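**Q** Sharing a structure with you now.
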Amino acid sequence: MTEALAQARLAEAAGEVPIGAVVVRDGRIVSAAGNRTRTDNDPTAHAEMVAIRAAARALGEERLTGCDLYVTLEPCAMCAGAIAHARIRRLYFAASDPKGGGVEHGPRVFSHPTCHHVPEVYGGIRESEAAALLRAFFAGRR
């Protein structure tokens with residue numbers, strides 16, 4: 001989660017919402033990314049999506065079995081769907097997202113019977129640090 005938080009800070013420095021994600025396999029970082037929606041003019045360039053795409057390229061595999069994803073904010077429904085399709089083994093996230101989350105809030109993607117793969121989910125890891133980063137970012141925008 002330390003590297004995910006570092007990626008969130010880099011995203012913030014680039015003018016993005018400060019969210020970071022890291023894909024890990026066998027204790028090694030495979031990919032790391034921050035939000036890039038504004039940088040890439042791509043509404044799908046959430047930190048999780050960018051990190052998943054980079055990990056798939058780096059490993060030469062469409063399925064990221066045996067990989068864990070660390071992200072600073074509860075994934076949205078789009079990202080949760082990508083996590084399931086990628087067959088991520090475990091999802092660790094920091095802050096919950098009652099408004100836009102798709103794992104423990106909102107559509108709860110992994111609880112649907114049509115979800116073909118459900119990762120182990122662990123939330124609240126360094127939650128206060130990630131939440132403070134997001135609160136400060138949005139307070140500066142208001």
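If you're wondering about the labels, chains in the structure tokens are A, B, ... by order shown, residues count from 1 in each chain, ligands from 1 in order shown.
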Using only C-alpha atoms, determine which residues lie at most 8 Å from region 37-48 of chain A, disregarding the query and same-chain residues fewer than 2 positions distant; provide the list as an mmCIF file with N, CA, C and O atoms, in the first residue's frame.
**A**
```cif
data_model
loop_
_atom_site.group_PDB
_atom_site.id
_atom_site.type_symbol
_atom_site.label_atom_id
_atom_site.label_comp_id
_atom_site.auth_asym_id
_atom_site.auth_seq_id
_atom_site.Cartn_x
_atom_site.Cartn_y
_atom_site.Cartn_z
ATOM 1 N N ALA A 14 0.315 15.562 -10.874
ATOM 2 C CA ALA A 14 0.017 15.720 -12.299
ATOM 3 C C ALA A 14 -1.373 16.310 -12.534
ATOM 4 O O ALA A 14 -1.826 16.403 -13.678
ATOM 5 N N GLY A 15 -2.059 16.684 -11.448
ATOM 6 C CA GLY A 15 -3.388 17.277 -11.585
ATOM 7 C C GLY A 15 -4.521 16.267 -11.622
ATOM 8 O O GLY A 15 -5.663 16.614 -11.913
ATOM 9 N N GLU A 16 -4.216 15.021 -11.297
ATOM 10 C CA GLU A 16 -5.222 13.958 -11.299
ATOM 11 C C GLU A 16 -5.780 13.757 -9.890
ATOM 12 O O GLU A 16 -5.147 14.143 -8.905
ATOM 13 N N ILE A 19 -5.333 8.855 -6.684
ATOM 14 C CA ILE A 19 -5.591 7.436 -6.463
ATOM 15 C C ILE A 19 -4.450 6.671 -7.105
ATOM 16 O O ILE A 19 -4.048 6.973 -8.238
ATOM 17 N N GLY A 20 -3.942 5.683 -6.391
ATOM 18 C CA GLY A 20 -2.843 4.874 -6.891
ATOM 19 C C GLY A 20 -3.159 3.402 -6.769
ATOM 20 O O GLY A 20 -3.944 2.988 -5.912
ATOM 21 N N ALA A 21 -2.524 2.606 -7.636
ATOM 22 C CA ALA A 21 -2.741 1.163 -7.639
ATOM 23 C C ALA A 21 -1.441 0.449 -7.966
ATOM 24 O O ALA A 21 -0.619 0.963 -8.733
ATOM 25 N N VAL A 22 -1.298 -0.741 -7.396
ATOM 26 C CA VAL A 22 -0.104 -1.553 -7.608
ATOM 27 C C VAL A 22 -0.529 -3.010 -7.763
ATOM 28 O O VAL A 22 -1.330 -3.512 -6.971
ATOM 29 N N ALA A 33 0.622 2.390 -10.886
ATOM 30 C CA ALA A 33 0.069 3.502 -11.660
ATOM 31 C C ALA A 33 -0.793 4.386 -10.771
ATOM 32 O O ALA A 33 -1.296 3.949 -9.740
ATOM 33 N N GLY A 34 -0.954 5.605 -11.222
ATOM 34 C CA GLY A 34 -1.899 6.531 -10.621
ATOM 35 C C GLY A 34 -2.980 6.834 -11.640
ATOM 36 O O GLY A 34 -2.879 6.432 -12.807
ATOM 37 N N ASN A 35 -4.012 7.527 -11.211
ATOM 38 C CA ASN A 35 -5.059 7.952 -12.148
ATOM 39 C C ASN A 35 -4.431 8.712 -13.313
ATOM 40 O O ASN A 35 -3.500 9.499 -13.120
ATOM 41 N N VAL A 50 -5.167 1.175 -15.382
ATOM 42 C CA VAL A 50 -3.824 1.399 -15.930
ATOM 43 C C VAL A 50 -2.862 0.347 -15.384
ATOM 44 O O VAL A 50 -2.063 -0.235 -16.136
ATOM 45 N N ALA A 51 -2.938 0.069 -14.092
ATOM 46 C CA ALA A 51 -2.046 -0.921 -13.477
ATOM 47 C C ALA A 51 -2.332 -2.332 -13.992
ATOM 48 O O ALA A 51 -1.403 -3.110 -14.257
ATOM 49 N N ILE A 52 -3.603 -2.683 -14.154
ATOM 50 C CA ILE A 52 -3.969 -4.005 -14.673
ATOM 51 C C ILE A 52 -3.472 -4.171 -16.104
ATOM 52 O O ILE A 52 -2.890 -5.195 -16.463
ATOM 53 N N LEU A 69 -3.888 -6.920 -6.035
ATOM 54 C CA LEU A 69 -4.007 -5.503 -6.385
ATOM 55 C C LEU A 69 -4.180 -4.691 -5.118
ATOM 56 O O LEU A 69 -5.046 -4.993 -4.286
ATOM 57 N N VAL A 71 -4.928 -0.811 -3.916
ATOM 58 C CA VAL A 71 -5.438 0.453 -4.447
ATOM 59 C C VAL A 71 -5.871 1.347 -3.284
ATOM 60 O O VAL A 71 -6.327 0.859 -2.251
ATOM 61 N N PRO A 75 -12.493 0.301 -5.452
ATOM 62 C CA PRO A 75 -12.720 0.375 -6.900
ATOM 63 C C PRO A 75 -14.180 0.633 -7.267
ATOM 64 O O PRO A 75 -15.098 0.168 -6.578
ATOM 65 N N CYS A 79 -13.893 -0.775 -12.574
ATOM 66 C CA CYS A 79 -12.631 -1.375 -12.136
ATOM 67 C C CYS A 79 -12.864 -2.732 -11.482
ATOM 68 O O CYS A 79 -12.073 -3.665 -11.678
#
```
**Q** Nearest to Glu12 (chain A): which of A:Leu133, A:Asp68, A:Ala32, A:Tyr122 is it, counting only C-alpha atoms?
**A** A:Leu133
**Q** Compare A:Glu127, A:Glu104, A:Asp97, A:Asp26 by their minimum atom-to-atom distance to Thr2 (chain A), counting only C-alpha atoms, and give me the closest one.
**A**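 For Thr2 (chain A), the nearest of the given residues is A:Glu127.
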**Q** What residues in chain A get the DSSP label strand (DSSP E or B)? Please answer as a PyMOL selection string.
**A** chain A and resi 20-25+28-34+67-73+90-95+120-123
**Q** So how many Å separate CA of Arg89 (chain A) and CA of Gly27 (chain A), to one decimal?
**A**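 Between these atoms lies a distance of 13.1 Å.
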**Q** Using DSSP assignments from the backbone, pull out every residue in region 3-122 of chain A that falls under helix (DSSP H, G or I) and give it to me as an mmCIF file with N, CA and C atoms, in the first residue's frame.
**A**
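Result file out19.cif:
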```
data_model
loop_
_atom_site.group_PDB
_atom_site.id
_atom_site.type_symbol
_atom_site.label_atom_id
_atom_site.label_comp_id
_atom_site.auth_asym_id
_atom_site.auth_seq_id
_atom_site.Cartn_x
_atom_site.Cartn_y
_atom_site.Cartn_z
ATOM 1 N N GLU A 3 3.471 1.850 -1.827
ATOM 2 C CA GLU A 3 3.713 2.242 -3.220
ATOM 3 C C GLU A 3 2.438 2.775 -3.863
ATOM 4 N N ALA A 4 1.289 2.219 -3.547
ATOM 5 C CA ALA A 4 0.020 2.739 -4.080
ATOM 6 C C ALA A 4 -0.200 4.178 -3.629
ATOM 7 N N LEU A 5 0.101 4.464 -2.378
ATOM 8 C CA LEU A 5 -0.026 5.839 -1.877
ATOM 9 C C LEU A 5 0.975 6.764 -2.565
ATOM 10 N N ALA A 6 2.164 6.275 -2.842
ATOM 11 C CA ALA A 6 3.161 7.082 -3.582
ATOM 12 C C ALA A 6 2.655 7.380 -4.983
ATOM 13 N N GLN A 7 2.029 6.395 -5.624
ATOM 14 C CA GLN A 7 1.464 6.606 -6.961
ATOM 15 C C GLN A 7 0.319 7.616 -6.913
ATOM 16 N N ALA A 8 -0.468 7.583 -5.841
ATOM 17 C CA ALA A 8 -1.558 8.558 -5.676
ATOM 18 C C ALA A 8 -0.995 9.968 -5.576
ATOM 19 N N ARG A 9 0.090 10.122 -4.846
ATOM 20 C CA ARG A 9 0.708 11.452 -4.720
ATOM 21 C C ARG A 9 1.267 11.933 -6.060
ATOM 22 N N LEU A 10 1.839 11.020 -6.840
ATOM 23 C CA LEU A 10 2.333 11.386 -8.177
ATOM 24 C C LEU A 10 1.176 11.803 -9.078
ATOM 25 N N ALA A 11 0.062 11.095 -8.982
ATOM 26 C CA ALA A 11 -1.119 11.458 -9.773
ATOM 27 C C ALA A 11 -1.601 12.855 -9.393
ATOM 28 N N GLU A 12 -1.631 13.125 -8.097
ATOM 29 C CA GLU A 12 -2.051 14.448 -7.630
ATOM 30 C C GLU A 12 -1.133 15.537 -8.177
ATOM 31 N N ALA A 13 0.159 15.277 -8.169
ATOM 32 C CA ALA A 13 1.120 16.257 -8.685
ATOM 33 C C ALA A 13 0.900 16.530 -10.173
ATOM 34 N N THR A 37 -6.799 9.849 -16.032
ATOM 35 C CA THR A 37 -7.951 10.205 -16.865
ATOM 36 C C THR A 37 -7.771 11.535 -17.580
ATOM 37 N N ARG A 38 -7.267 12.532 -16.896
ATOM 38 C CA ARG A 38 -7.056 13.850 -17.520
ATOM 39 C C ARG A 38 -5.820 13.840 -18.404
ATOM 40 N N THR A 39 -4.767 13.230 -17.935
ATOM 41 C CA THR A 39 -3.510 13.167 -18.695
ATOM 42 C C THR A 39 -3.727 12.491 -20.044
ATOM 43 N N ASP A 40 -4.480 11.382 -20.034
ATOM 44 C CA ASP A 40 -4.695 10.599 -21.257
ATOM 45 C C ASP A 40 -5.989 10.956 -21.980
ATOM 46 N N ALA A 47 -6.589 4.391 -11.960
ATOM 47 C CA ALA A 47 -5.328 3.793 -11.526
ATOM 48 C C ALA A 47 -5.360 2.265 -11.648
ATOM 49 N N GLU A 48 -6.471 1.662 -11.239
ATOM 50 C CA GLU A 48 -6.575 0.201 -11.302
ATOM 51 C C GLU A 48 -6.488 -0.301 -12.734
ATOM 52 N N MET A 49 -7.207 0.357 -13.639
ATOM 53 C CA MET A 49 -7.221 -0.064 -15.043
ATOM 54 C C MET A 49 -5.833 0.061 -15.657
ATOM 55 N N VAL A 50 -5.167 1.175 -15.382
ATOM 56 C CA VAL A 50 -3.824 1.399 -15.930
ATOM 57 C C VAL A 50 -2.862 0.347 -15.384
ATOM 58 N N ALA A 51 -2.938 0.069 -14.092
ATOM 59 C CA ALA A 51 -2.046 -0.921 -13.477
ATOM 60 C C ALA A 51 -2.332 -2.332 -13.992
ATOM 61 N N ILE A 52 -3.603 -2.683 -14.154
ATOM 62 C CA ILE A 52 -3.969 -4.005 -14.673
ATOM 63 C C ILE A 52 -3.472 -4.171 -16.104
ATOM 64 N N ARG A 53 -3.684 -3.157 -16.947
ATOM 65 C CA ARG A 53 -3.215 -3.228 -18.334
ATOM 66 C C ARG A 53 -1.694 -3.386 -18.393
ATOM 67 N N ALA A 54 -0.987 -2.613 -17.574
ATOM 68 C CA ALA A 54 0.482 -2.679 -17.563
ATOM 69 C C ALA A 54 0.968 -4.040 -17.064
ATOM 70 N N ALA A 55 0.299 -4.588 -16.063
ATOM 71 C CA ALA A 55 0.689 -5.901 -15.539
ATOM 72 C C ALA A 55 0.467 -6.992 -16.586
ATOM 73 N N ALA A 56 -0.658 -6.919 -17.289
ATOM 74 C CA ALA A 56 -0.939 -7.914 -18.327
ATOM 75 C C ALA A 56 0.118 -7.852 -19.433
ATOM 76 N N ARG A 57 0.499 -6.639 -19.811
ATOM 77 C CA ARG A 57 1.565 -6.494 -20.824
ATOM 78 C C ARG A 57 2.889 -7.024 -20.296
ATOM 79 N N ALA A 58 3.238 -6.656 -19.064
ATOM 80 C CA ALA A 58 4.527 -7.061 -18.487
ATOM 81 C C ALA A 58 4.631 -8.578 -18.344
ATOM 82 N N LEU A 59 3.534 -9.210 -17.983
ATOM 83 C CA LEU A 59 3.544 -10.659 -17.780
ATOM 84 C C LEU A 59 3.209 -11.435 -19.049
ATOM 85 N N ALA A 77 -17.385 0.339 -10.121
ATOM 86 C CA ALA A 77 -17.942 -0.839 -10.788
ATOM 87 C C ALA A 77 -17.118 -1.240 -12.014
ATOM 88 N N MET A 78 -16.658 -0.263 -12.790
ATOM 89 C CA MET A 78 -15.848 -0.573 -13.976
ATOM 90 C C MET A 78 -14.579 -1.309 -13.573
ATOM 91 N N CYS A 79 -13.893 -0.775 -12.574
ATOM 92 C CA CYS A 79 -12.631 -1.375 -12.136
ATOM 93 C C CYS A 79 -12.864 -2.732 -11.482
ATOM 94 N N ALA A 80 -13.948 -2.863 -10.714
ATOM 95 C CA ALA A 80 -14.270 -4.156 -10.103
ATOM 96 C C ALA A 80 -14.517 -5.201 -11.185
ATOM 97 N N GLY A 81 -15.185 -4.818 -12.255
ATOM 98 C CA GLY A 81 -15.389 -5.747 -13.373
ATOM 99 C C GLY A 81 -14.070 -6.168 -14.002
ATOM 100 N N ALA A 82 -13.170 -5.217 -14.177
ATOM 101 C CA ALA A 82 -11.853 -5.538 -14.743
ATOM 102 C C ALA A 82 -11.064 -6.446 -13.806
ATOM 103 N N ILE A 83 -11.178 -6.217 -12.501
ATOM 104 C CA ILE A 83 -10.500 -7.055 -11.515
ATOM 105 C C ILE A 83 -10.994 -8.492 -11.628
ATOM 106 N N ALA A 84 -12.298 -8.663 -11.766
ATOM 107 C CA ALA A 84 -12.864 -10.003 -11.917
ATOM 108 C C ALA A 84 -12.399 -10.645 -13.221
ATOM 109 N N HIS A 85 -12.458 -9.909 -14.320
ATOM 110 C CA HIS A 85 -12.038 -10.457 -15.612
ATOM 111 C C HIS A 85 -10.558 -10.805 -15.630
ATOM 112 N N ALA A 86 -9.752 -10.041 -14.917
ATOM 113 C CA ALA A 86 -8.310 -10.289 -14.871
ATOM 114 C C ALA A 86 -7.973 -11.445 -13.929
ATOM 115 N N VAL A 109 -20.233 -5.395 -7.252
ATOM 116 C CA VAL A 109 -20.010 -6.236 -8.424
ATOM 117 C C VAL A 109 -19.707 -7.696 -8.072
ATOM 118 N N PHE A 110 -18.887 -7.916 -7.066
ATOM 119 C CA PHE A 110 -18.470 -9.279 -6.760
ATOM 120 C C PHE A 110 -19.571 -10.135 -6.144
ATOM 121 N N SER A 111 -20.665 -9.518 -5.721
ATOM 122 C CA SER A 111 -21.749 -10.287 -5.102
ATOM 123 C C SER A 111 -22.781 -10.773 -6.114
#
```
**Q** So, with only C-alpha atoms as the atoms that count, which of A:Ala139, A:Leu134, A:Ile29, A:Met1 lies closest to Leu91 (chain A)?
**A**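 Nearest candidate to Leu91 (chain A) out of A:Ala139, A:Leu134, A:Ile29, A:Met1: A:Met1.
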**Q** CA of Gly124 (chain A) and CA of Val24 (chain A) are how many Å apart?
**A** 18.3 Å
**Q** Record the distance separating CA of Arg108 (chain A) and CA of Val121 (chain A), expressed in Å with one decimal.
**A**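 Here the two named atoms are 11.8 Å from each other.
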**Q** Write out as a PyMOL selection string each polymer residue whose atoms come within 9 Å of Gly106 (chain A), counting only C-alpha atoms; drop sequence neighbours fewer than 4 positions from it.
**A** chain A and resi 76-77+97-102
